[in-house]
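*Asks:* This one is target27.txt, compact mmCIF, C-alpha atoms and all ligand atoms.
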# COMPACT_ATOMS: atom_id res chain seq x y z
CA MET A 22 -95.56 14.47 -169.64
CA ASP A 23 -98.01 12.43 -167.59
CA PHE A 24 -99.80 13.89 -164.57
CA GLY A 25 -101.92 10.80 -163.93
CA LEU A 26 -101.63 7.92 -161.49
CA ASP A 27 -101.10 4.40 -162.77
CA GLY A 28 -103.38 1.58 -161.65
CA GLU A 29 -101.17 0.46 -158.78
CA GLN A 30 -100.68 4.00 -157.47
CA ARG A 31 -104.41 4.60 -157.55
CA GLU A 32 -105.08 1.31 -155.79
CA ILE A 33 -102.63 2.07 -152.96
CA ARG A 34 -103.85 5.67 -152.61
CA ASP A 35 -107.47 4.52 -152.49
CA TRP A 36 -106.68 1.82 -149.94
CA VAL A 37 -105.12 4.40 -147.60
CA ARG A 38 -108.02 6.80 -148.20
CA THR A 39 -110.49 4.10 -147.19
CA PHE A 40 -108.39 3.06 -144.18
CA VAL A 41 -108.30 6.66 -142.94
CA ARG A 42 -112.04 7.07 -143.47
CA ARG A 43 -113.01 3.77 -141.81
CA GLU A 44 -110.41 3.28 -139.09
CA VAL A 45 -108.76 6.59 -138.29
CA ALA A 46 -111.30 9.39 -138.77
CA PRO A 47 -113.93 7.78 -136.50
CA LEU A 48 -111.51 8.31 -133.58
CA GLU A 49 -111.41 12.07 -134.07
CA GLN A 50 -114.03 13.07 -131.50
CA GLU A 51 -112.42 10.89 -128.84
CA VAL A 52 -108.97 12.26 -129.70
CA LEU A 53 -110.29 15.82 -129.34
CA ARG A 54 -111.96 14.97 -126.04
CA ARG A 55 -108.79 13.46 -124.58
CA GLU A 56 -106.57 16.25 -125.81
CA ARG A 57 -108.86 18.80 -124.20
CA LEU A 58 -108.17 16.95 -120.93
CA GLY A 59 -104.44 17.17 -121.58
CA GLN A 60 -104.13 13.46 -122.41
CA PRO A 61 -102.50 11.94 -125.51
CA GLY A 62 -104.97 11.52 -128.36
CA LEU A 63 -104.01 7.88 -128.89
CA THR A 64 -102.31 5.57 -126.40
CA ARG A 65 -99.29 3.59 -127.55
CA ASP A 66 -101.42 0.41 -127.50
CA GLU A 67 -104.18 1.98 -129.59
CA LEU A 68 -101.66 3.22 -132.14
CA LYS A 69 -100.13 -0.26 -132.29
CA GLU A 70 -103.56 -1.83 -132.72
CA LEU A 71 -104.26 0.40 -135.72
CA GLN A 72 -100.80 -0.26 -137.13
CA ASP A 73 -101.35 -4.01 -136.75
CA LYS A 74 -104.65 -3.75 -138.61
CA ALA A 75 -102.88 -2.02 -141.47
CA LYS A 76 -100.05 -4.54 -141.33
CA ALA A 77 -102.50 -7.43 -141.60
CA ALA A 78 -103.61 -5.88 -144.89
CA GLY A 79 -99.96 -5.69 -146.01
CA PHE A 80 -99.44 -2.04 -145.18
CA PHE A 81 -96.20 -1.75 -143.22
CA GLY A 82 -92.94 0.15 -143.60
CA THR A 83 -94.00 2.36 -146.47
CA LEU A 84 -90.47 3.67 -147.08
CA THR A 85 -88.58 0.73 -145.60
CA PRO A 86 -86.80 -1.39 -148.24
CA GLN A 87 -88.42 -4.74 -149.03
CA GLU A 88 -85.32 -6.64 -147.87
CA TYR A 89 -86.11 -5.30 -144.37
CA GLY A 90 -89.76 -6.35 -144.59
CA GLY A 91 -91.10 -2.99 -145.74
CA MET A 92 -93.02 -1.95 -148.83
CA GLY A 93 -90.20 0.14 -150.32
CA LEU A 94 -92.65 2.57 -151.89
CA SER A 95 -91.42 5.24 -154.25
CA ALA A 96 -91.19 8.81 -152.95
CA VAL A 97 -94.15 9.82 -155.14
CA MET A 98 -96.24 7.04 -153.64
CA ALA A 99 -95.09 7.95 -150.13
CA ALA A 100 -96.18 11.55 -150.73
CA LEU A 101 -99.60 10.39 -151.91
CA VAL A 102 -99.94 8.18 -148.82
CA GLU A 103 -98.88 11.01 -146.50
CA ALA A 104 -101.43 13.38 -148.03
CA GLU A 105 -104.17 10.83 -147.27
CA LEU A 106 -102.99 10.49 -143.65
CA GLY A 107 -103.04 14.28 -143.36
CA ARG A 108 -106.79 14.26 -143.96
CA SER A 109 -107.24 13.32 -140.30
CA PHE A 110 -105.63 15.02 -137.31
CA VAL A 111 -105.56 11.72 -135.39
CA PRO A 112 -101.83 11.21 -134.72
CA PHE A 113 -101.60 8.02 -136.76
CA ARG A 114 -98.67 6.77 -138.82
CA PHE A 115 -98.03 3.37 -140.33
CA GLY A 116 -95.64 1.07 -138.47
CA GLY A 117 -92.41 -0.34 -139.84
CA TYR A 118 -90.45 2.86 -140.07
CA ALA A 119 -86.81 3.45 -139.15
CA ASP A 120 -84.61 6.52 -139.49
CA ASN A 121 -82.61 6.41 -142.71
CA ILE A 122 -79.25 6.82 -140.97
CA LEU A 123 -79.75 3.62 -138.96
CA PHE A 124 -79.32 1.72 -142.23
CA HIS A 125 -75.68 2.93 -142.12
CA GLY A 126 -75.04 0.93 -138.96
CA ASN A 127 -72.79 -2.13 -138.93
CA GLU A 128 -74.33 -5.60 -138.67
CA GLU A 129 -74.42 -5.58 -134.87
CA GLN A 130 -75.95 -2.08 -134.75
CA LYS A 131 -78.57 -3.16 -137.26
CA GLN A 132 -79.55 -6.06 -135.00
CA ARG A 133 -79.65 -3.90 -131.85
CA TYR A 134 -81.15 -0.68 -133.22
CA LEU A 135 -82.40 -0.82 -136.79
CA LEU A 136 -84.44 -4.04 -136.80
CA PRO A 137 -86.17 -3.46 -133.41
CA THR A 138 -87.07 0.08 -134.57
CA ILE A 139 -88.63 -1.27 -137.75
CA SER A 140 -90.59 -3.89 -135.80
CA GLY A 141 -91.78 -1.27 -133.29
CA GLU A 142 -90.09 -2.85 -130.25
CA ARG A 143 -87.79 0.15 -129.83
CA ILE A 144 -88.34 3.88 -130.30
CA SER A 145 -85.61 6.18 -131.56
CA CYS A 146 -85.09 9.93 -131.46
CA PHE A 147 -82.78 12.23 -133.36
CA ALA A 148 -80.96 14.92 -131.39
CA ILE A 149 -78.95 17.70 -132.93
CA THR A 150 -80.71 20.91 -131.78
CA GLU A 151 -79.40 22.57 -128.62
CA PRO A 152 -80.50 25.63 -126.66
CA GLY A 153 -77.73 27.59 -128.42
CA ALA A 154 -77.87 25.90 -131.84
CA GLY A 155 -80.97 25.36 -134.00
CA SER A 156 -80.86 26.71 -137.54
CA ASP A 157 -77.12 27.07 -137.10
CA ALA A 158 -76.59 23.37 -136.37
CA LYS A 159 -72.84 23.68 -136.84
CA ALA A 160 -72.74 25.64 -133.57
CA ILE A 161 -73.52 22.61 -131.36
CA ARG A 162 -71.52 22.39 -128.12
CA THR A 163 -72.42 18.94 -126.76
CA SER A 164 -69.08 17.18 -126.49
CA ALA A 165 -67.79 13.62 -126.44
CA ARG A 166 -64.30 12.93 -125.14
CA LYS A 167 -62.44 9.63 -125.22
CA GLU A 168 -61.77 8.01 -121.86
CA GLY A 169 -60.23 4.55 -121.99
CA GLY A 170 -62.28 2.57 -124.50
CA ASP A 171 -65.40 4.70 -123.99
CA TRP A 172 -66.70 8.08 -125.05
CA VAL A 173 -68.05 10.41 -122.35
CA ILE A 174 -70.83 12.73 -123.51
CA ASN A 175 -71.74 16.03 -121.87
CA GLY A 176 -74.28 18.60 -123.01
CA GLU A 177 -77.90 19.44 -123.55
CA LYS A 178 -80.27 18.92 -126.47
CA THR A 179 -83.66 20.53 -126.91
CA PHE A 180 -86.93 20.12 -128.86
CA ILE A 181 -86.29 16.44 -129.48
CA THR A 182 -89.34 14.72 -130.99
CA GLN A 183 -90.10 11.46 -129.17
CA GLY A 184 -87.36 12.32 -126.70
CA ASN A 185 -89.68 11.41 -123.81
CA GLU A 186 -90.65 8.03 -125.22
CA ALA A 187 -87.43 6.96 -126.94
CA ASP A 188 -85.41 3.93 -125.83
CA PHE A 189 -82.33 5.26 -127.57
CA VAL A 190 -81.11 8.48 -129.11
CA MET A 191 -78.99 9.23 -132.17
CA VAL A 192 -77.10 12.11 -130.63
CA PHE A 193 -74.59 14.39 -132.33
CA ALA A 194 -71.58 15.57 -130.33
CA VAL A 195 -68.37 17.44 -131.02
CA THR A 196 -65.38 15.09 -130.91
CA ASP A 197 -62.85 17.56 -132.36
CA ARG A 198 -63.57 21.19 -131.62
CA GLU A 199 -61.03 22.50 -134.15
CA LYS A 200 -62.54 20.63 -137.05
CA GLY A 201 -66.13 21.30 -135.93
CA ALA A 202 -68.81 20.23 -138.42
CA ASP A 203 -66.11 19.55 -141.00
CA GLY A 204 -64.80 16.28 -139.57
CA GLY A 205 -65.23 16.96 -135.85
CA VAL A 206 -68.84 15.90 -135.14
CA THR A 207 -69.76 12.28 -134.39
CA CYS A 208 -73.09 10.48 -134.09
CA PHE A 209 -73.60 8.10 -131.15
CA LEU A 210 -76.34 5.55 -130.52
CA VAL A 211 -77.09 5.96 -126.83
CA ASP A 212 -79.51 3.76 -124.92
CA ARG A 213 -81.60 5.47 -122.28
CA ASP A 214 -80.16 3.19 -119.60
CA MET A 215 -76.69 4.57 -120.34
CA GLY A 216 -77.84 7.56 -118.33
CA TRP A 217 -79.31 10.45 -120.35
CA LYS A 218 -82.39 12.16 -118.95
CA SER A 219 -85.39 13.73 -120.70
CA GLU A 220 -87.80 16.44 -119.66
CA PRO A 221 -91.04 17.19 -121.59
CA ILE A 222 -91.45 20.64 -123.18
CA GLN A 223 -94.97 22.06 -123.37
CA THR A 224 -95.83 23.44 -126.81
CA MET A 225 -98.87 24.97 -128.52
CA GLY A 226 -99.26 21.72 -130.48
CA GLN A 227 -100.45 18.37 -129.20
CA TRP A 228 -97.20 16.49 -129.10
CA GLY A 229 -94.48 17.70 -126.80
CA PRO A 230 -90.81 17.26 -127.64
CA ALA A 231 -88.18 16.87 -124.91
CA ALA A 232 -85.06 18.46 -123.54
CA LEU A 233 -82.28 15.89 -123.10
CA VAL A 234 -79.43 16.12 -120.62
CA PHE A 235 -76.15 14.23 -120.96
CA ASP A 236 -74.13 14.41 -117.77
CA ASN A 237 -70.98 12.32 -118.15
CA VAL A 238 -72.86 9.63 -120.09
CA ARG A 239 -70.44 6.80 -120.91
CA VAL A 240 -70.88 5.25 -124.33
CA PRO A 241 -68.79 2.33 -125.65
CA GLU A 242 -66.83 2.78 -128.86
CA GLU A 243 -69.05 0.28 -130.71
CA ASN A 244 -71.96 2.73 -130.37
CA VAL A 245 -70.46 5.22 -132.82
CA LEU A 246 -72.79 5.32 -135.85
CA GLY A 247 -70.76 5.55 -139.04
CA GLU A 248 -67.27 6.97 -138.60
CA VAL A 249 -65.85 9.20 -135.89
CA GLY A 250 -65.90 12.78 -137.22
CA LYS A 251 -68.41 12.06 -140.01
CA GLY A 252 -71.54 12.75 -137.96
CA PHE A 253 -72.52 16.09 -139.45
CA HIS A 254 -72.92 14.50 -142.84
CA LEU A 255 -75.23 11.87 -141.29
CA ALA A 256 -77.27 14.60 -139.59
CA MET A 257 -77.80 16.38 -142.90
CA GLN A 258 -78.79 13.08 -144.49
CA TRP A 259 -81.39 12.52 -141.76
CA ILE A 260 -82.82 16.02 -142.15
CA GLY A 261 -82.91 15.71 -145.93
CA GLN A 262 -84.48 12.22 -145.97
CA GLY A 263 -88.02 13.29 -146.60
CA ARG A 264 -88.57 17.00 -146.37
CA TYR A 265 -91.24 16.65 -149.08
CA LEU A 266 -93.29 14.47 -146.71
CA LEU A 267 -94.00 17.36 -144.31
CA PRO A 268 -95.86 19.53 -146.84
CA ALA A 269 -97.36 16.32 -148.31
CA ARG A 270 -99.22 15.73 -145.06
CA ALA A 271 -100.38 19.37 -145.11
CA ILE A 272 -102.04 18.80 -148.51
CA GLY A 273 -104.50 16.36 -146.94
CA SER A 274 -105.14 18.61 -143.93
CA CYS A 275 -105.84 21.58 -146.20
CA GLU A 276 -108.18 19.53 -148.42
CA ARG A 277 -110.17 18.49 -145.37
CA LEU A 278 -110.22 22.04 -144.01
CA VAL A 279 -111.47 23.50 -147.27
CA GLU A 280 -114.15 20.80 -147.46
CA MET A 281 -115.28 21.94 -143.99
CA ALA A 282 -115.26 25.55 -145.21
CA LEU A 283 -117.43 24.64 -148.23
CA GLU A 284 -120.00 23.00 -145.99
CA GLN A 285 -120.00 25.91 -143.58
CA ALA A 286 -120.27 28.44 -146.42
CA ASN A 287 -123.28 26.65 -147.89
CA ASN A 288 -125.08 26.19 -144.57
CA ARG A 289 -124.38 29.33 -142.57
CA VAL A 290 -126.95 32.06 -143.28
CA THR A 291 -126.38 35.75 -142.53
CA PHE A 292 -128.51 38.65 -143.70
CA GLY A 293 -130.90 36.14 -145.28
CA GLN A 294 -128.31 34.43 -147.50
CA PRO A 295 -125.77 31.64 -147.17
CA ILE A 296 -122.35 33.18 -146.63
CA ALA A 297 -121.27 31.23 -149.78
CA SER A 298 -123.03 33.92 -151.79
CA TYR A 299 -120.58 36.61 -150.62
CA GLN A 300 -117.56 37.30 -152.76
CA ALA A 301 -115.38 37.76 -149.67
CA ILE A 302 -116.00 34.12 -148.76
CA GLN A 303 -115.76 32.85 -152.35
CA TRP A 304 -112.34 34.42 -152.77
CA MET A 305 -111.02 32.75 -149.65
CA ILE A 306 -112.24 29.41 -150.98
CA ALA A 307 -110.87 30.00 -154.48
CA ASP A 308 -107.43 31.12 -153.28
CA SER A 309 -107.20 28.12 -150.97
CA ALA A 310 -108.11 25.65 -153.72
CA VAL A 311 -105.53 27.14 -156.10
CA GLU A 312 -102.84 27.01 -153.44
CA ILE A 313 -103.59 23.39 -152.53
CA GLU A 314 -103.30 22.48 -156.20
CA ALA A 315 -99.98 24.34 -156.53
CA LEU A 316 -98.69 22.68 -153.37
CA ARG A 317 -99.70 19.24 -154.63
CA TRP A 318 -97.56 19.63 -157.73
CA LEU A 319 -94.60 21.16 -155.89
CA VAL A 320 -94.62 18.20 -153.51
CA LEU A 321 -95.12 15.53 -156.19
CA HIS A 322 -92.44 17.08 -158.37
CA ALA A 323 -89.95 17.11 -155.47
CA ALA A 324 -90.83 13.48 -154.72
CA TRP A 325 -90.45 12.57 -158.39
CA LEU A 326 -86.94 14.06 -158.37
CA VAL A 327 -86.13 11.93 -155.31
CA ASP A 328 -87.24 8.87 -157.30
CA GLN A 329 -85.05 9.90 -160.23
CA GLY A 330 -82.06 9.81 -157.88
CA VAL A 331 -81.06 13.38 -158.76
CA ASP A 332 -80.42 16.26 -156.36
CA SER A 333 -83.87 17.18 -155.08
CA ARG A 334 -82.90 19.53 -152.25
CA HIS A 335 -83.88 22.73 -154.05
CA ALA A 336 -87.30 21.34 -155.00
CA GLN A 337 -87.84 19.95 -151.51
CA SER A 338 -87.02 23.33 -149.95
CA MET A 339 -89.51 25.02 -152.27
CA ALA A 340 -92.25 22.52 -151.39
CA LYS A 341 -91.54 22.81 -147.65
CA LEU A 342 -91.49 26.63 -147.74
CA TYR A 343 -94.64 26.96 -149.82
CA GLY A 344 -96.45 24.26 -147.84
CA GLY A 345 -95.68 25.87 -144.50
CA ILE A 346 -96.79 29.33 -145.57
CA LYS A 347 -99.87 28.31 -147.53
CA ALA A 348 -101.17 25.71 -145.07
CA ASN A 349 -101.09 28.42 -142.40
CA GLU A 350 -102.90 30.90 -144.62
CA ILE A 351 -105.50 28.30 -145.56
CA VAL A 352 -106.25 27.19 -142.00
CA ASP A 353 -106.54 30.84 -141.00
CA ARG A 354 -109.09 31.48 -143.77
CA VAL A 355 -111.05 28.35 -142.86
CA LEU A 356 -111.13 29.46 -139.22
CA GLN A 357 -112.38 32.88 -140.38
CA ILE A 358 -115.15 31.31 -142.49
CA HIS A 359 -116.31 29.47 -139.36
CA GLY A 360 -116.53 32.72 -137.38
CA GLY A 361 -116.66 32.31 -133.60
CA MET A 362 -117.12 28.55 -133.90
CA GLY A 363 -113.77 28.33 -135.67
CA TYR A 364 -112.12 29.74 -132.58
CA THR A 365 -113.67 27.19 -130.21
CA ARG A 366 -112.45 23.74 -129.28
CA GLU A 367 -115.75 22.25 -130.44
CA LEU A 368 -114.29 22.02 -133.93
CA PRO A 369 -110.87 20.71 -134.96
CA VAL A 370 -110.04 23.89 -136.93
CA GLU A 371 -108.20 25.61 -134.07
CA ARG A 372 -106.31 22.35 -133.42
CA TRP A 373 -105.09 22.25 -137.00
CA TYR A 374 -104.29 25.98 -136.72
CA ARG A 375 -101.91 25.23 -133.86
CA GLU A 376 -100.48 22.07 -135.39
CA LEU A 377 -99.78 23.52 -138.83
CA ARG A 378 -97.86 26.42 -137.30
CA LEU A 379 -95.00 24.04 -136.60
CA LEU A 380 -94.52 23.40 -140.31
CA ARG A 381 -92.94 26.85 -140.64
CA ILE A 382 -90.37 26.04 -137.95
CA TYR A 383 -89.07 22.47 -137.75
CA GLU A 384 -86.73 20.74 -140.16
CA GLY A 385 -85.62 24.14 -141.42
CA THR A 386 -87.57 27.34 -140.81
CA ASP A 387 -89.12 29.37 -143.63
CA GLU A 388 -86.14 31.70 -143.49
CA ILE A 389 -83.65 28.85 -143.78
CA GLN A 390 -85.53 27.39 -146.77
CA ARG A 391 -85.50 30.82 -148.43
CA ARG A 392 -81.79 31.09 -147.71
CA THR A 393 -81.19 27.70 -149.38
CA ILE A 394 -83.35 28.55 -152.40
CA ALA A 395 -81.78 31.98 -152.90
CA ARG A 396 -78.25 30.62 -152.50
CA ASN A 397 -78.88 27.89 -155.07
CA LEU A 398 -80.13 30.47 -157.56
CA LEU A 399 -77.42 33.02 -156.86
CA LYS A 400 -74.66 30.44 -157.16
CA GLY A 401 -76.13 28.92 -160.30
CA HIS A 402 -76.91 25.50 -158.75
CA ALA A 403 -80.59 25.95 -159.71
CA LYS A 404 -82.45 27.96 -162.33
CA VAL A 405 -85.70 29.89 -162.20
CA THR A 406 -86.70 27.94 -165.29
CA GLY A 407 -87.03 24.91 -163.02
CA SER A 408 -86.17 21.32 -163.79
CA LEU A 409 -87.44 21.57 -167.39
CA GLY A 410 -84.54 23.92 -168.14
C1 LIG B 501 -92.06 20.62 -132.02
C2 LIG B 501 -90.63 20.61 -132.47
C3 LIG B 501 -90.00 19.40 -132.77
C4 LIG B 501 -88.65 19.36 -133.10
N1 LIG B 501 -88.02 18.15 -133.30
C5 LIG B 501 -86.66 18.10 -133.39
C6 LIG B 501 -85.96 16.85 -133.36
O1 LIG B 501 -86.56 15.76 -133.30
N2 LIG B 501 -84.60 16.85 -133.37
C7 LIG B 501 -83.86 18.01 -133.44
O2 LIG B 501 -82.64 17.94 -133.44
N3 LIG B 501 -84.51 19.24 -133.49
C8 LIG B 501 -85.87 19.30 -133.46
N4 LIG B 501 -86.53 20.53 -133.47
C9 LIG B 501 -85.74 21.75 -133.54
C10 LIG B 501 -85.99 22.55 -134.82
O3 LIG B 501 -85.38 21.92 -135.91
C11 LIG B 501 -85.45 23.98 -134.57
O4 LIG B 501 -86.34 24.58 -133.64
C12 LIG B 501 -85.38 24.79 -135.84
O5 LIG B 501 -84.37 24.30 -136.69
C13 LIG B 501 -85.11 26.28 -135.56
O6 LIG B 501 -84.06 26.45 -134.67
P1 LIG B 501 -84.24 27.42 -133.40
O7 LIG B 501 -85.51 27.03 -132.72
O8 LIG B 501 -83.00 27.35 -132.59
O9 LIG B 501 -84.42 28.85 -133.99
P2 LIG B 501 -83.22 29.84 -134.39
O10 LIG B 501 -82.23 29.13 -135.24
O11 LIG B 501 -82.72 30.50 -133.16
O12 LIG B 501 -83.99 30.88 -135.28
C14 LIG B 501 -84.75 31.96 -134.72
C15 LIG B 501 -85.29 32.79 -135.89
O13 LIG B 501 -84.21 33.34 -136.64
C16 LIG B 501 -84.33 32.95 -137.99
N5 LIG B 501 -82.99 32.76 -138.56
C17 LIG B 501 -81.99 31.99 -138.07
N6 LIG B 501 -80.93 32.06 -138.86
C18 LIG B 501 -81.26 32.86 -139.91
C19 LIG B 501 -80.60 33.31 -141.09
N7 LIG B 501 -79.36 32.90 -141.39
N8 LIG B 501 -81.25 34.14 -141.92
C20 LIG B 501 -82.52 34.55 -141.64
N9 LIG B 501 -83.21 34.16 -140.55
C21 LIG B 501 -82.58 33.33 -139.70
C22 LIG B 501 -85.11 31.63 -137.96
O14 LIG B 501 -85.72 31.35 -139.21
C23 LIG B 501 -86.12 31.94 -136.87
O15 LIG B 501 -87.16 32.71 -137.41
C24 LIG B 501 -87.91 20.58 -133.20
C25 LIG B 501 -88.56 21.81 -132.95
C26 LIG B 501 -89.88 21.83 -132.58
C27 LIG B 501 -90.50 23.16 -132.28
Rewrite the structure from the file as structure tokens, please.
Ligand SMILES: Cc1cc2nc3c(=O)[nH]c(=O)nc-3n(C[C@H](O)[C@H](O)[C@H](O)COP(=O)(O)OP(=O)(O)OC[C@H]3O[C@@H](n4cnc5c(N)ncnc54)[C@H](O)[C@@H]3O)c2cc1C
*Replies:*
Amino acid sequence: MDFGLDGEQREIRDWVRTFVRREVAPLEQEVLRRERLGQPGLTRDELKELQDKAKAAGFFGTLTPQEYGGMGLSAVMAALVEAELGRSFVPFRFGGYADNILFHGNEEQKQRYLLPTISGERISCFAITEPGAGSDAKAIRTSARKEGGDWVINGEKTFITQGNEADFVMVFAVTDREKGADGGVTCFLVDRDMGWKSEPIQTMGQWGPAALVFDNVRVPEENVLGEVGKGFHLAMQWIGQGRYLLPARAIGSCERLVEMALEQANNRVTFGQPIASYQAIQWMIADSAVEIEALRWLVLHAAWLVDQGVDSRHAQSMAKLYGGIKANEIVDRVLQIHGGMGYTRELPVERWYRELRLLRIYEGTDEIQRRTIARNLLKGHAKVTGSLG
């Protein structure tokens, strides 16, 4: 058993750490200032400029296979990279990414959708959730009916990340109501100029998703992604592509938050002593450090299973569940240690408090992760003894 990083892993991790410290973190005050004014923290051009800087140093498409110009990093490496990015709240991500299901497209679809998404010319979004169907994704009602050589899509999607900015959507619609999710849902690649509309949704976080409306949107047959009726399987593949990466990012955020708490605890004096001398504060710090460490290994273990090519869904659910709960407890403690200042918008703690709340909701709520974990155990698909048997 080896819990260490090899030379290459350490080199890549350290490169990202330095990049975040030198290029990303210095933007934090400006990002906070803009967000307080209701503006995006980074403009699209600024994000691209940062991504180009990273690309010039060879950092592009962390998870994209090398044959598509990416780095094709392992899942473990991707988790380590994501944790470093999480150390800053600046909404930065490396360029060169494309949704995993776009790699299932035919040659023409790859030219029109996959490659321009990797290069950053086009922006995609993934739309399954509807006002009446979130956790219960099989209950979607958006329909697609065949008319001549085209499909005609009608329905509404909600909470779609990047839905306001996207040039095209991977939308899931019912093509055979009787079969439903089991052979009756199809995924369509639909350009914005085919007629769907988006409306921003205000949230407590900094980035707003969108509601999408499809009102008799005509889509040619060649825009079916994969096979007609096989869309639900693709949707589950998209959702499962990197669940471990969500709590991975939270590791970095929590590290940064606890570092802020340590500084505050050492510097803030009450009743003639630094608050660090009080056991109440020490316990909050100790619990947070233990939980970050536990989360790190849950995430890295889930990522390691992904790299082994074995079923990692149980481990990924555990990492996502634990990460969501613990990151929220940690940010709450760090806010508490900062007292009234923690509650203000002078510091980024309240921003992280709002942002991390989402981790317990999207890509499977806490309750849905628990349901998955319990079902796996009850049906004997997983053991409490873990992957060591
Ligand atoms: C900011 C943001 C971005 C998002 N991005 C996308 C996106 O890009 N694309 C997309 O398709 N969707 C996206 N979503 C949707 C997200 O995946 C759903 O919100 C999530 O799956 C929960 O669905 P719901 O909101 O309908 O809640 P519901 O399913 O209505 O759940 C309500 C409550 O009931 C609980 N619950 C539901 N079923 C059970 C059960 N069986 N047992 C116990 N408890 C249960 C839930 O855990 C929750 O607490 C996004 C959401 C947000 C907030």
*Asks:* Kindly provide, as a ChimeraX atom specification, all nucleotide and amino acid residues lying within 8 Å of ligand LIG 501 (chain B), counting all atoms listed in the file.
*Replies:* /A:146-158,178-184,224,226,228-230,379,382-389,392
*Asks:* Would you list the contacts of A:Tyr265 as a PDB file with C-alpha atoms, keeping the file's coordinate frame, taking every protein, DNA or RNA residue within 9 Å and counting all atoms listed in the file, but skipping same-chain residues closer than 6 positions in sequence?
*Replies:*
ATOM      1  CA  ALA A  96     -91.190   8.810-152.950  1.00  0.00           C
ATOM      2  CA  ALA A 100     -96.180  11.550-150.730  1.00  0.00           C
ATOM      3  CA  LEU A 319     -94.600  21.160-155.890  1.00  0.00           C
ATOM      4  CA  VAL A 320     -94.620  18.200-153.510  1.00  0.00           C
ATOM      5  CA  LEU A 321     -95.120  15.530-156.190  1.00  0.00           C
ATOM      6  CA  ALA A 323     -89.950  17.110-155.470  1.00  0.00           C
ATOM      7  CA  ALA A 324     -90.830  13.480-154.720  1.00  0.00           C
ATOM      8  CA  ALA A 336     -87.300  21.340-155.000  1.00  0.00           C
ATOM      9  CA  GLN A 337     -87.840  19.950-151.510  1.00  0.00           C
ATOM     10  CA  SER A 338     -87.020  23.330-149.950  1.00  0.00           C
ATOM     11  CA  ALA A 340     -92.250  22.520-151.390  1.00  0.00           C
ATOM     12  CA  LYS A 341     -91.540  22.810-147.650  1.00  0.00           C
TER      13      LYS A 341
END
*Asks:* Select, from A:Met339, A:Val331, A:Val355, A:Leu71, the residue with the minimum atom-to-atom distance to A:Ile302, counting only C-alpha atoms.
*Replies:*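 Ranked by minimum distance to A:Ile302, first place goes to A:Val355.
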*Asks:* What's the 12 Å shell around A:Met281, counting all atoms listed in the file, without same-chain residues fewer than 2 positions away, as a ChimeraX atom specification?
*Replies:* /A:108,274-279,283-289,306,351-352,354-359,363,368-370
*Asks:* Pick out the closest residue to A:Ser95 from this set: A:Trp325, A:Trp373, A:Trp172, A:Phe80. Count all atoms listed in the file.
*Replies:*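 Among the listed residues, the smallest separation from A:Ser95 belongs to A:Trp325.
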*Asks:* Counting all atoms listed in the file, figure out which residue out of A:Val238, A:Val45, A:Val211, A:Met225 gets nearest to A:Gly107.
*Replies:*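 Looking only at the distances to A:Gly107, the closest residue turns out to be A:Val45.
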*Asks:* Using only C-alpha atoms, find the one residue out of A:Gly360, A:Ala165, A:Arg317, A:Ala310 that sits nearest to A:Val290.
*Replies:*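 Among A:Gly360, A:Ala165, A:Arg317, A:Ala310, it is A:Gly360 that comes nearest to A:Val290.
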*Asks:* Residues at most 6 Å from stretch 196-210 of chain A, counting all atoms listed in the file, excluding those fewer than 4 positions away in the same chain, as a tab-separated table (two decimals) with C-alpha atoms, in the coordinates of the input?
*Replies:*
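The new file part_18.tsv reads:
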chain	number	residue	atom	x	y	z
A	159	LYS	CA	-72.84	23.68	-136.84
A	165	ALA	CA	-67.79	13.62	-126.44
A	190	VAL	CA	-81.11	8.48	-129.11
A	191	MET	CA	-78.99	9.23	-132.17
A	192	VAL	CA	-77.10	12.11	-130.63
A	244	ASN	CA	-71.96	2.73	-130.37
A	245	VAL	CA	-70.46	5.22	-132.82
A	246	LEU	CA	-72.79	5.32	-135.85
A	249	VAL	CA	-65.85	9.20	-135.89
A	250	GLY	CA	-65.90	12.78	-137.22
A	251	LYS	CA	-68.41	12.06	-140.01
A	252	GLY	CA	-71.54	12.75	-137.96
A	253	PHE	CA	-72.52	16.09	-139.45
*Asks:* Provide the atom CA of A:Gly91 to atom CA of A:Gly79 distance in Å, to one decimal place.
*Replies:*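 Between atom CA of A:Gly91 and atom CA of A:Gly79 the gap works out to 9.3 Å.
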*Asks:* Hey, can you check how far atom CA of A:Asp188 sits from atom CA of A:Ile144?
*Replies:*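 Interatomic distance here is 5.3 Å.
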